[in-house]
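Below is upload.cif, holding mmCIF, C-alpha atoms.
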```
data_final
#
loop_
_atom_site.label_atom_id
_atom_site.label_comp_id
_atom_site.auth_asym_id
_atom_site.auth_seq_id
_atom_site.Cartn_x
_atom_site.Cartn_y
_atom_site.Cartn_z
CA MET K 1 -258.68 -194.96 -86.24
CA LEU K 2 -255.21 -194.84 -84.70
CA SER K 3 -254.91 -193.56 -81.14
CA LYS K 4 -252.69 -190.58 -80.41
CA ASN K 5 -250.15 -192.84 -78.67
CA ARG K 6 -249.98 -195.21 -81.65
CA ILE K 7 -249.61 -192.29 -84.05
CA PHE K 8 -246.80 -190.91 -81.86
CA ASN K 9 -245.04 -194.30 -81.77
CA VAL K 10 -245.34 -194.71 -85.54
CA GLY K 11 -243.87 -191.24 -85.96
CA ILE K 12 -240.86 -192.16 -83.83
CA ILE K 13 -240.29 -195.36 -85.83
CA LEU K 14 -240.47 -193.46 -89.13
CA ALA K 15 -238.03 -190.84 -87.80
CA ILE K 16 -235.57 -193.56 -86.76
CA LEU K 17 -235.83 -195.22 -90.17
CA LEU K 18 -235.36 -191.88 -91.91
CA PHE K 19 -232.24 -190.90 -89.96
CA SER K 20 -230.79 -194.39 -90.28
CA VAL K 21 -230.52 -193.99 -94.05
CA ILE K 22 -229.19 -190.44 -94.07
CA PRO K 23 -225.47 -190.61 -94.97
CA SER K 24 -222.81 -189.29 -92.63
CA PHE K 25 -221.35 -185.97 -93.67
CA ALA K 26 -218.40 -186.01 -91.25
CA ALA K 27 -216.76 -188.62 -93.38
CA ASP K 28 -213.32 -189.29 -94.72
CA PRO K 29 -211.57 -186.77 -96.96
CA PRO K 30 -212.86 -186.71 -100.54
CA ALA K 31 -211.38 -189.06 -103.10
CA GLN K 32 -208.51 -187.71 -105.19
CA GLU K 33 -208.66 -187.50 -108.97
CA VAL K 34 -205.85 -189.32 -110.77
CA ILE K 35 -205.18 -189.60 -114.52
CA ALA K 36 -203.72 -192.93 -115.63
CA THR K 37 -203.22 -194.87 -118.85
CA GLY K 38 -203.44 -198.64 -119.15
CA PHE K 39 -202.61 -201.15 -121.87
CA GLY K 40 -204.00 -204.51 -122.91
CA SER K 41 -203.16 -206.95 -125.67
CA GLY K 42 -204.71 -209.89 -127.45
CA ASP K 43 -206.80 -210.83 -130.45
CA GLN K 44 -210.10 -210.34 -128.62
CA ILE K 45 -210.83 -206.59 -128.44
CA ALA K 46 -213.21 -206.90 -125.48
CA ALA K 47 -210.66 -208.84 -123.41
CA ALA K 48 -207.83 -206.47 -124.36
CA ARG K 49 -210.00 -203.48 -123.40
CA ASP K 50 -210.82 -205.01 -120.00
CA GLU K 51 -207.13 -205.68 -119.42
CA ALA K 52 -206.27 -202.08 -120.32
CA ILE K 53 -208.90 -200.70 -117.93
CA ASN K 54 -207.65 -202.91 -115.08
CA ASP K 55 -204.08 -201.82 -115.83
CA ALA K 56 -205.12 -198.15 -115.73
CA LEU K 57 -206.96 -198.63 -112.42
CA ARG K 58 -203.90 -200.28 -110.89
CA LYS K 59 -201.67 -197.44 -112.09
CA ALA K 60 -204.09 -194.91 -110.57
CA VAL K 61 -203.78 -196.67 -107.22
CA GLU K 62 -200.00 -196.87 -107.64
CA GLN K 63 -199.93 -193.09 -107.91
CA GLY K 64 -201.86 -192.87 -104.65
CA VAL K 65 -199.41 -195.22 -102.97
CA GLY K 66 -196.50 -193.21 -104.34
CA VAL K 67 -197.59 -190.21 -102.26
CA ASN K 68 -196.82 -192.24 -99.13
CA ILE K 69 -193.80 -194.40 -99.83
CA SER K 70 -190.19 -193.33 -99.98
CA SER K 71 -186.82 -194.77 -100.93
CA GLN K 72 -186.59 -196.21 -97.40
CA THR K 73 -189.60 -198.48 -97.93
CA THR K 74 -188.45 -202.03 -97.28
CA VAL K 75 -188.68 -204.98 -99.67
CA GLU K 76 -191.06 -206.68 -97.24
CA GLN K 77 -193.35 -203.64 -97.23
CA MET K 78 -193.35 -203.52 -101.04
CA VAL K 79 -194.39 -207.18 -101.12
CA LEU K 80 -197.26 -206.39 -98.74
CA ILE K 81 -198.30 -203.44 -100.91
CA GLU K 82 -198.37 -205.78 -103.89
CA ASP K 83 -200.43 -208.39 -102.07
CA ARG K 84 -202.84 -206.19 -100.13
CA ILE K 85 -203.26 -203.13 -102.33
CA TYR K 86 -202.28 -203.58 -105.95
CA SER K 87 -204.04 -206.94 -106.17
CA GLU K 88 -207.24 -205.23 -104.95
CA SER K 89 -206.93 -202.01 -106.94
CA ARG K 90 -210.63 -201.78 -107.83
CA GLY K 91 -211.52 -201.67 -104.15
CA PHE K 92 -209.69 -198.33 -103.79
CA ILE K 93 -211.41 -196.72 -106.80
CA GLU K 94 -214.59 -194.78 -106.04
CA SER K 95 -215.42 -194.24 -109.70
CA TYR K 96 -213.72 -193.68 -113.03
CA LYS K 97 -214.45 -192.41 -116.50
CA ILE K 98 -212.70 -193.12 -119.79
CA ILE K 99 -211.09 -190.05 -121.36
CA ASN K 100 -210.08 -191.79 -124.58
CA GLU K 101 -209.34 -195.28 -125.85
CA GLY K 102 -208.28 -197.08 -128.99
CA LYS K 103 -206.32 -199.91 -130.50
CA GLU K 104 -203.04 -199.64 -132.34
CA ASP K 105 -201.51 -202.81 -133.80
CA ASP K 106 -202.10 -205.46 -131.10
CA VAL K 107 -202.24 -203.06 -128.13
CA TYR K 108 -205.41 -201.56 -126.72
CA GLN K 109 -204.91 -198.30 -124.82
CA VAL K 110 -207.28 -196.71 -122.31
CA LYS K 111 -206.79 -193.35 -120.58
CA ILE K 112 -208.96 -192.82 -117.49
CA SER K 113 -209.78 -190.25 -114.85
CA ALA K 114 -210.22 -192.15 -111.56
CA LEU K 115 -211.26 -191.06 -108.10
CA VAL K 116 -208.94 -192.87 -105.67
CA LYS K 117 -210.16 -193.44 -102.09
CA MET K 118 -207.10 -191.94 -100.45
CA ALA K 119 -208.40 -192.39 -96.88
CA GLU K 120 -208.93 -196.15 -97.30
CA LEU K 121 -205.67 -196.46 -99.16
CA SER K 122 -203.69 -194.72 -96.43
CA GLU K 123 -205.37 -196.83 -93.74
CA LYS K 124 -204.05 -199.93 -95.49
CA LEU K 125 -200.63 -198.34 -95.76
CA ALA K 126 -200.71 -197.46 -92.05
CA ALA K 127 -201.32 -201.12 -91.26
CA ILE K 128 -198.05 -202.08 -92.94
CA GLY K 129 -195.97 -199.26 -91.49
CA ILE K 130 -195.87 -196.89 -94.45
CA ILE K 131 -197.32 -193.93 -92.53
CA LEU K 132 -194.62 -194.32 -89.87
CA LYS K 133 -192.00 -194.31 -92.63
CA LYS K 134 -193.49 -191.15 -94.09
CA LYS K 135 -193.33 -189.48 -90.67
CA GLU K 136 -189.62 -190.42 -90.37
CA ASN K 137 -190.21 -193.24 -87.84
CA PRO K 138 -190.59 -191.06 -84.73
CA ARG K 139 -189.14 -192.57 -81.56
CA VAL K 140 -191.35 -192.91 -78.50
CA MET K 141 -190.64 -192.76 -74.77
CA VAL K 142 -193.15 -194.15 -72.26
CA ILE K 143 -193.24 -192.83 -68.69
CA VAL K 144 -195.64 -194.47 -66.22
CA HIS K 145 -196.47 -193.08 -62.78
CA SER K 146 -199.20 -193.27 -60.13
CA ARG K 147 -201.05 -190.76 -58.05
CA GLU K 148 -200.87 -191.00 -54.26
CA LEU K 149 -203.06 -193.94 -53.23
CA THR K 150 -205.37 -194.30 -50.26
CA ASP K 151 -204.71 -197.32 -48.02
CA SER K 152 -201.90 -198.55 -50.29
CA ILE K 153 -200.01 -201.77 -49.66
CA ILE K 154 -196.35 -202.59 -50.24
CA GLY K 155 -195.54 -203.29 -53.89
CA PHE K 156 -199.04 -202.41 -55.01
CA GLU K 157 -198.20 -199.25 -56.94
CA ALA K 158 -195.12 -200.74 -58.62
CA GLY K 159 -197.11 -203.75 -59.82
CA GLY K 160 -199.78 -201.65 -61.49
CA ASN K 161 -197.20 -199.37 -63.12
CA ALA K 162 -195.12 -202.25 -64.49
CA ASN K 163 -198.25 -203.93 -65.84
CA ALA K 164 -199.39 -200.79 -67.65
CA GLU K 165 -195.90 -200.11 -69.03
CA ASN K 166 -195.60 -203.64 -70.42
CA GLN K 167 -198.99 -203.38 -72.12
CA LEU K 168 -198.18 -200.02 -73.67
CA GLU K 169 -194.77 -201.00 -74.96
CA ARG K 170 -196.08 -204.29 -76.37
CA ILE K 171 -198.81 -202.56 -78.39
CA LEU K 172 -196.51 -199.78 -79.61
CA LEU K 173 -193.92 -202.30 -80.78
CA GLN K 174 -196.61 -204.35 -82.53
CA LYS K 175 -197.65 -201.22 -84.45
CA GLY K 176 -194.07 -200.59 -85.56
CA PHE K 177 -193.11 -197.73 -83.24
CA ARG K 178 -189.50 -197.42 -82.11
CA LEU K 179 -189.07 -197.12 -78.33
CA VAL K 180 -186.35 -195.37 -76.36
CA ALA K 181 -185.93 -195.16 -72.59
CA PRO K 182 -183.91 -193.12 -70.08
CA ASP K 183 -180.70 -194.94 -69.17
CA GLN K 184 -181.00 -193.97 -65.51
CA GLN K 185 -183.79 -194.68 -63.05
CA ASN K 186 -183.54 -191.21 -61.53
CA LYS K 187 -184.27 -189.70 -64.97
CA ARG K 188 -187.53 -191.67 -65.09
CA LYS K 189 -188.37 -190.27 -61.68
CA ASP K 190 -187.55 -186.72 -62.80
CA LEU K 191 -189.78 -187.11 -65.85
CA ALA K 192 -192.65 -188.50 -63.79
CA GLU K 193 -192.37 -185.62 -61.29
CA LEU K 194 -192.35 -183.01 -64.07
CA LEU K 195 -195.41 -184.56 -65.71
CA THR K 196 -197.23 -184.89 -62.39
CA SER K 197 -196.51 -181.24 -61.53
CA GLY K 198 -197.79 -180.10 -64.92
CA ASP K 199 -194.52 -179.16 -66.62
CA PRO K 200 -194.64 -181.08 -69.94
CA SER K 201 -192.25 -178.68 -71.71
CA ARG K 202 -189.32 -179.54 -69.44
CA ALA K 203 -190.25 -183.21 -69.52
CA GLY K 204 -190.30 -183.07 -73.32
CA LYS K 205 -186.82 -181.54 -73.39
CA ILE K 206 -185.44 -184.38 -71.26
CA ALA K 207 -187.14 -186.96 -73.46
CA LYS K 208 -185.69 -185.24 -76.54
CA ASP K 209 -182.20 -185.48 -75.04
CA PHE K 210 -182.64 -189.27 -75.09
CA GLY K 211 -183.68 -189.19 -78.75
CA ALA K 212 -187.48 -189.32 -78.34
CA GLU K 213 -189.78 -187.31 -80.60
CA ILE K 214 -192.96 -188.45 -78.84
CA LEU K 215 -193.42 -188.65 -75.05
CA ILE K 216 -196.27 -190.78 -73.71
CA GLU K 217 -197.39 -190.22 -70.13
CA ALA K 218 -199.35 -193.03 -68.52
CA GLU K 219 -200.97 -192.37 -65.17
CA VAL K 220 -202.26 -195.38 -63.23
CA ARG K 221 -205.01 -194.70 -60.70
CA ARG K 222 -205.90 -197.58 -58.36
CA GLU K 223 -207.53 -196.21 -55.25
CA PHE K 224 -208.95 -198.12 -52.33
CA ALA K 225 -212.63 -198.97 -52.91
CA GLY K 226 -213.34 -200.96 -49.73
CA ASN K 227 -213.08 -204.49 -48.42
CA ARG K 228 -215.10 -207.33 -49.93
CA SER K 229 -215.57 -210.93 -48.88
CA VAL K 230 -214.41 -213.39 -51.57
CA LEU K 231 -214.75 -217.10 -50.75
CA GLY K 232 -214.70 -216.28 -47.08
CA GLN K 233 -211.62 -214.07 -47.30
CA ASP K 234 -211.57 -210.32 -46.67
CA ILE K 235 -210.01 -208.76 -49.81
CA LYS K 236 -209.02 -205.13 -50.38
CA PHE K 237 -210.53 -203.88 -53.66
CA PHE K 238 -209.12 -201.03 -55.74
CA THR K 239 -210.45 -199.02 -58.67
CA ASN K 240 -208.80 -199.44 -62.09
CA GLU K 241 -208.19 -196.36 -64.20
CA ILE K 242 -205.52 -195.58 -66.79
CA ARG K 243 -204.92 -192.14 -68.32
CA LEU K 244 -202.75 -191.62 -71.40
CA LYS K 245 -201.37 -188.44 -72.87
CA ALA K 246 -199.06 -188.23 -75.90
CA LEU K 247 -197.15 -185.09 -76.77
CA GLU K 248 -194.47 -183.94 -79.18
CA ALA K 249 -191.20 -183.76 -77.26
CA ASP K 250 -189.87 -180.61 -78.93
CA THR K 251 -193.06 -178.52 -78.83
CA ALA K 252 -195.04 -180.14 -75.93
CA LYS K 253 -198.04 -180.15 -78.28
CA ILE K 254 -200.60 -182.72 -77.10
CA ILE K 255 -201.56 -185.14 -79.86
CA TYR K 256 -203.69 -187.50 -77.75
CA SER K 257 -205.39 -187.49 -74.35
CA GLY K 258 -207.82 -190.05 -72.97
CA TYR K 259 -208.69 -192.41 -70.13
CA ARG K 260 -210.35 -195.76 -69.41
CA THR K 261 -211.94 -197.08 -66.23
CA LYS K 262 -212.83 -200.64 -65.28
CA PRO K 263 -214.66 -202.14 -62.29
CA ALA K 264 -212.78 -202.43 -58.99
CA SER K 265 -210.74 -205.57 -58.42
CA GLY K 266 -208.50 -207.14 -55.80
CA ALA K 267 -205.09 -205.63 -55.15
CA SER K 268 -203.26 -208.33 -57.11
CA ALA K 269 -205.95 -208.82 -59.80
CA LEU K 270 -204.40 -206.81 -62.62
CA GLN K 271 -206.24 -208.32 -65.59
CA VAL K 272 -208.88 -205.58 -65.66
CA LEU K 273 -206.13 -202.93 -65.59
CA GLU K 274 -204.47 -204.77 -68.49
CA GLU K 275 -207.71 -204.65 -70.48
CA ALA K 276 -208.20 -200.95 -69.78
CA THR K 277 -204.60 -200.17 -70.78
CA ALA K 278 -204.79 -202.26 -73.96
CA ASP K 279 -208.09 -200.66 -75.03
CA LEU K 280 -206.83 -197.14 -74.45
CA ALA K 281 -203.42 -197.80 -76.03
CA LYS K 282 -205.08 -199.03 -79.22
CA GLU K 283 -207.31 -195.96 -79.31
CA MET K 284 -204.28 -193.72 -78.81
CA VAL K 285 -202.30 -195.39 -81.60
CA ASP K 286 -205.28 -195.22 -83.99
CA THR K 287 -205.78 -191.54 -83.18
CA ILE K 288 -202.11 -190.68 -83.72
CA LEU K 289 -201.88 -192.68 -86.96
CA ASP K 290 -205.10 -191.08 -88.21
CA GLN K 291 -203.64 -187.64 -87.56
CA TRP K 292 -200.42 -188.57 -89.33
CA ARG K 293 -202.45 -190.05 -92.18
CA LYS K 294 -204.13 -186.69 -92.61
CA ASP K 295 -200.73 -184.99 -92.47
CA VAL K 296 -199.71 -186.98 -95.54
CA TYR K 297 -202.56 -185.52 -97.60
CA GLN K 298 -202.99 -182.19 -95.89
CA ALA K 299 -200.53 -179.45 -94.99
CA SER K 300 -198.70 -180.04 -91.69
CA ASN K 301 -197.44 -177.38 -89.28
CA TYR K 302 -193.68 -176.78 -89.10
CA GLN K 303 -191.42 -174.37 -87.23
CA LEU K 304 -188.24 -172.73 -88.53
CA ASN K 305 -185.59 -171.34 -86.16
CA ILE K 306 -183.25 -169.07 -88.12
CA SER K 307 -180.14 -167.68 -86.43
CA GLN K 308 -177.48 -165.19 -87.56
CA VAL K 309 -179.96 -163.33 -89.76
CA THR K 310 -180.51 -159.61 -90.31
CA PHE K 311 -183.98 -158.15 -90.73
CA SER K 312 -183.39 -157.33 -94.41
CA LYS K 313 -182.16 -160.84 -95.15
CA LEU K 314 -185.10 -162.28 -93.23
CA ALA K 315 -187.51 -160.47 -95.54
CA GLN K 316 -185.82 -162.05 -98.58
CA ILE K 317 -185.77 -165.49 -96.92
CA ILE K 318 -189.49 -165.24 -96.22
CA GLU K 319 -190.22 -164.39 -99.85
CA ASN K 320 -188.05 -167.31 -101.03
CA ILE K 321 -189.78 -169.80 -98.70
CA LYS K 322 -193.22 -168.53 -99.69
CA GLY K 323 -192.32 -169.37 -103.27
CA LEU K 324 -191.63 -173.05 -102.50
CA ARG K 325 -194.20 -175.47 -103.80
CA GLY K 326 -196.35 -176.90 -101.00
CA VAL K 327 -195.71 -174.03 -98.56
CA SER K 328 -198.61 -171.95 -97.24
CA ASP K 329 -199.61 -169.73 -94.32
CA LEU K 330 -196.06 -168.58 -93.47
CA GLN K 331 -196.01 -166.40 -90.34
CA THR K 332 -193.20 -164.62 -88.49
CA ARG K 333 -193.76 -165.29 -84.79
CA ASN K 334 -190.66 -163.68 -83.34
CA PHE K 335 -187.53 -161.75 -84.36
CA GLN K 336 -184.90 -160.52 -81.91
CA ASN K 337 -181.12 -160.63 -81.46
CA ASN K 338 -180.69 -161.68 -85.11
CA SER K 339 -182.80 -164.79 -84.57
CA ALA K 340 -186.21 -165.47 -86.12
CA PHE K 341 -188.95 -167.97 -85.37
CA LEU K 342 -191.29 -168.78 -88.28
CA GLU K 343 -194.31 -171.06 -88.57
CA LEU K 344 -195.71 -172.44 -91.80
CA LYS K 345 -197.80 -175.19 -93.33
CA PHE K 346 -196.25 -177.62 -95.78
CA GLN K 347 -197.72 -180.56 -97.64
CA GLY K 348 -195.04 -183.19 -97.17
CA GLY K 349 -192.51 -184.56 -94.70
CA ILE K 350 -189.93 -182.55 -92.83
CA ASN K 351 -187.08 -183.98 -94.95
CA ASP K 352 -188.88 -182.81 -98.10
CA LEU K 353 -189.23 -179.31 -96.64
CA ALA K 354 -185.60 -179.25 -95.47
CA GLY K 355 -184.44 -180.34 -98.92
CA LYS K 356 -186.36 -177.52 -100.61
CA ILE K 357 -185.08 -174.91 -98.14
CA GLY K 358 -181.53 -176.19 -98.57
CA GLN K 359 -181.69 -175.31 -102.27
CA ILE K 360 -182.56 -171.66 -101.63
CA LYS K 361 -179.92 -169.19 -102.81
CA ASN K 362 -179.37 -165.52 -102.03
CA PRO K 363 -179.28 -165.73 -99.13
CA ALA K 364 -178.34 -169.36 -98.75
CA LEU K 365 -179.42 -171.22 -95.63
CA GLU K 366 -177.56 -173.95 -93.79
CA ILE K 367 -179.56 -176.58 -91.91
CA THR K 368 -178.05 -177.05 -88.43
CA GLY K 369 -180.76 -179.17 -86.80
CA LEU K 370 -183.74 -181.32 -87.70
CA ARG K 371 -186.43 -182.52 -85.30
CA ALA K 372 -189.96 -183.88 -85.56
CA ASN K 373 -191.60 -180.64 -86.74
CA THR K 374 -188.75 -178.14 -86.37
CA ILE K 375 -185.85 -177.12 -88.61
CA ASP K 376 -182.90 -175.11 -87.25
CA LEU K 377 -181.18 -172.87 -89.81
CA GLU K 378 -178.61 -170.14 -90.11
CA THR K 379 -177.59 -167.93 -93.01
CA LYS K 380 -174.41 -168.86 -94.88
CA ASP K 381 -173.76 -165.37 -96.22
CA ARG K 382 -172.77 -163.39 -93.14
#
```

What does the file become when written as structure tokens?
Amino acid sequence: MLSKNRIFNVGIILAILLFSVIPSFAADPPAQEVIATGFGSGDQIAAARDEAINDALRKAVEQGVGVNISSQTTVEQMVLIEDRIYSESRGFIESYKIINEGKEDDVYQVKISALVKMAELSEKLAAIGIILKKKENPRVMVIVHSRELTDSIIGFEAGGNANAENQLERILLQKGFRLVAPDQQNKRKDLAELLTSGDPSRAGKIAKDFGAEILIEAEVRREFAGNRSVLGQDIKFFTNEIRLKALEADTAKIIYSGYRTKPASGASALQVLEEATADLAKEMVDTILDQWRKDVYQASNYQLNISQVTFSKLAQIIENIKGLRGVSDLQTRNFQNNSAFLELKFQGGINDLAGKIGQIKNPALEITGLRANTIDLETKDR
């Protein structure tokens, strides 16, 4: 007979085994159904049929890729898509079923309904810069600062800041982000002071003036942790912590916030701070790209600033915009002094939305400004 303790232990083991095989339900977005037709040729029907199915699967994946790419996609990126995606089309297909098939003359034709793994597909595309292209290659500004340190030494703070800034910029450039920087040192100082004092909106406006759509704040925290004896020498040790926050420059909306800490090290031993910065920077980039990946397949939030508009014309404009394909959840947030502020969701990039709005007639709208998630407009018929 088993003792109570043994029965209890067996129960725990069985519970662990049970939960280890239960699938995760917080998974990637569901696969997307795509209809595609493929063709195969040859004297052998079986071989021609296999060729037609493979051709249809590739075309299904091509449709998935087409959601992400644009006319600005480079030749090099298209080559990478060919090598890394089209050549592995079956890997992006969750399942498929044949709708109809048949042979006519020497050509075998197969029409399929395939479920394309859009999440995995877009992850591959993100790796070769397609997601950045789809998001109009937003420009990034990095501002690094430190909190007041206890028992600081000359040059200590500057060294940690420069180290963190180099790590951040290196990783962002490797991932294909475009970087911009203030052309004056005092502007960097102004930005750091605004971020430190908790005024991201004003900091974002300054960053936007320099052409940045994304502002990344990096805060280095290396505080005195005591003296330690190393090989007979008395060394000052400092903690290593890096905090990152990314926000949209025009709206001050936070799109990432996180921190990393590492064990204390000597004042000039910056390797652990490098590791913390690199780890956190990679997490930040992955988080931002994942959000933008979802934006490609889901409706994104956009703002419309309309000037020189009467209330009656605004009502007609709202009805016209509601009728655009891909637009949903349109809300009027403010209207005063013949200016209106609208928010909406749209499945697509800001250029796509601007293009659709630009085609609206009666009343016609003129686009006067275009930013990361904001379109400035005014009525033509005044």

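Atom CA of Asp106 of chain K sits 20.9 Å away from atom CA of Arg58 of chain K.
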
- Message: Please list as number ranges by chain every residue within 9 Å of Arg371 of chain K, counting only C-alpha atoms and excluding residues in the same chain fewer than 4 positions away.
- Response: K: 213, 250, 350, 375-376

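For the point (-212.7, -198.9, -103.5) in file coordinates, the residues within 12 Å, using all atoms listed in the file, are K:Ala31, K:Leu57, K:Arg58, K:Ala60, K:Val61, K:Ile85, K:Tyr86, K:Glu88, K:Ser89, K:Arg90, K:Gly91, K:Phe92, K:Ile93, K:Glu94, K:Ser95, K:Tyr96, K:Ala114, K:Leu115, K:Val116, K:Lys117, K:Met118, K:Ala119, K:Glu120, K:Leu121, K:Lys124.
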
- Item | Among listed residues K:Ala48, K:Val34, K:Met141, K:Leu289, nearest Ile112 of chain K (using all atoms listed in the file) | K:Val34

- Please identify all polymer residues within 12 Å of Asn163 of chain K, counting all atoms listed in the file, omitting same-chain residues fewer than 5 positions from it, and present them as a list in words. Val144, His145, Phe156, Glu157, Ala158, Leu168, Glu169, Arg170, Ala218, Glu219, Val220, Ile242, Ser268, Ala269, Leu270, Gln271, Val272, Leu273, Glu274, Glu275, Ala276, Thr277 and Ala278 of chain K

- Task: In Å, rounded to a single decimal, give me how far atom CA of Ser113 of chain K is from atom CA of Glu33 of chain K.
- Result: 6.6 Å

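One finds atom CA of Asn166 of chain K at 20.7 Å from atom CA of Ala264 of chain K.
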
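Among the candidates K:Gln174, K:Gln184, K:Ser265, K:Asn240, the residue lying nearest to Ala281 of chain K is K:Gln174 (atoms considered: only C-alpha atoms).
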
- Message: Using only C-alpha atoms - which residues lie no farther than 6 Å from the point (-198.4, -192.5, -72.8) in the file's frame? Write them as a ChimeraX atom specification.
- Response: /K:142,216-218,244-246

- Query: Contacts of Ala299 of chain K at 6 Å or less, counting only C-alpha atoms, minus same-chain residues fewer than 5 places along, as a PyMOL selection string?
  - Reply: chain K and resi 345-347

Please report as a Markdown table every residue of segment 240-260 of chain K lying within 10 Å of segment 132-140 of chain K, along with the nearest atom pair and their distance in Å (one decimal), using all atoms listed in the file.
```
| residue | atom | partner | partner_atom | distance |
| --- | --- | --- | --- | --- |
| K:Ala246 | CA | K:Val140 | CA | 9.4 |
| K:Leu247 | CA | K:Val140 | CA | 9.9 |
| K:Glu248 | CA | K:Val140 | CA | 9.5 |
| K:Ala249 | CA | K:Val140 | CA | 9.2 |
```

Could you write out that same residue set with C-alpha atoms as a short mmCIF file (atom, residue, chain, number, x, y, z; two decimals), in the coordinates of the input?
```cif
data_model
loop_
_atom_site.label_atom_id
_atom_site.label_comp_id
_atom_site.auth_asym_id
_atom_site.auth_seq_id
_atom_site.Cartn_x
_atom_site.Cartn_y
_atom_site.Cartn_z
CA ALA K 246 -199.06 -188.23 -75.90
CA LEU K 247 -197.15 -185.09 -76.77
CA GLU K 248 -194.47 -183.94 -79.18
CA ALA K 249 -191.20 -183.76 -77.26
#
```

Do you know which residues the PyMOL selection byres ((chain K and resi 200-203) around 10) returns on this file, as a short mmCIF file (atom, residue, chain, number, x, y, z; two decimals) with C-alpha atoms, keeping the file's coordinate frame?
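This is the output file out-v4.cif:
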```cif
data_model
loop_
_atom_site.label_atom_id
_atom_site.label_comp_id
_atom_site.auth_asym_id
_atom_site.auth_seq_id
_atom_site.Cartn_x
_atom_site.Cartn_y
_atom_site.Cartn_z
CA LYS K 187 -184.27 -189.70 -64.97
CA ARG K 188 -187.53 -191.67 -65.09
CA ASP K 190 -187.55 -186.72 -62.80
CA LEU K 191 -189.78 -187.11 -65.85
CA ALA K 192 -192.65 -188.50 -63.79
CA GLU K 193 -192.37 -185.62 -61.29
CA LEU K 194 -192.35 -183.01 -64.07
CA LEU K 195 -195.41 -184.56 -65.71
CA THR K 196 -197.23 -184.89 -62.39
CA SER K 197 -196.51 -181.24 -61.53
CA GLY K 198 -197.79 -180.10 -64.92
CA ASP K 199 -194.52 -179.16 -66.62
CA GLY K 204 -190.30 -183.07 -73.32
CA LYS K 205 -186.82 -181.54 -73.39
CA ILE K 206 -185.44 -184.38 -71.26
CA ALA K 207 -187.14 -186.96 -73.46
CA LYS K 208 -185.69 -185.24 -76.54
CA LEU K 215 -193.42 -188.65 -75.05
CA GLU K 217 -197.39 -190.22 -70.13
CA LEU K 247 -197.15 -185.09 -76.77
CA GLU K 248 -194.47 -183.94 -79.18
CA ALA K 249 -191.20 -183.76 -77.26
CA ASP K 250 -189.87 -180.61 -78.93
CA THR K 251 -193.06 -178.52 -78.83
CA ALA K 252 -195.04 -180.14 -75.93
CA LYS K 253 -198.04 -180.15 -78.28
CA ILE K 254 -200.60 -182.72 -77.10
#
```

- Message: Need the shell around Ile98 of chain K: protein/DNA/RNA residues with any atom at most 10 Å away, counting only C-alpha atoms. Skip same-chain ones fewer than 5 positions apart. Format as number ranges by chain?
- Response: K: 35-37, 53, 56, 110-114

- Query: Excluding same-chain residues fewer than 6 positions from Gln109 of chain K, what lies within 6 Å of it counting all atoms listed in the file, as a list in words?
  - Reply: Gly38, Phe39, Glu101 and Gly102 of chain K
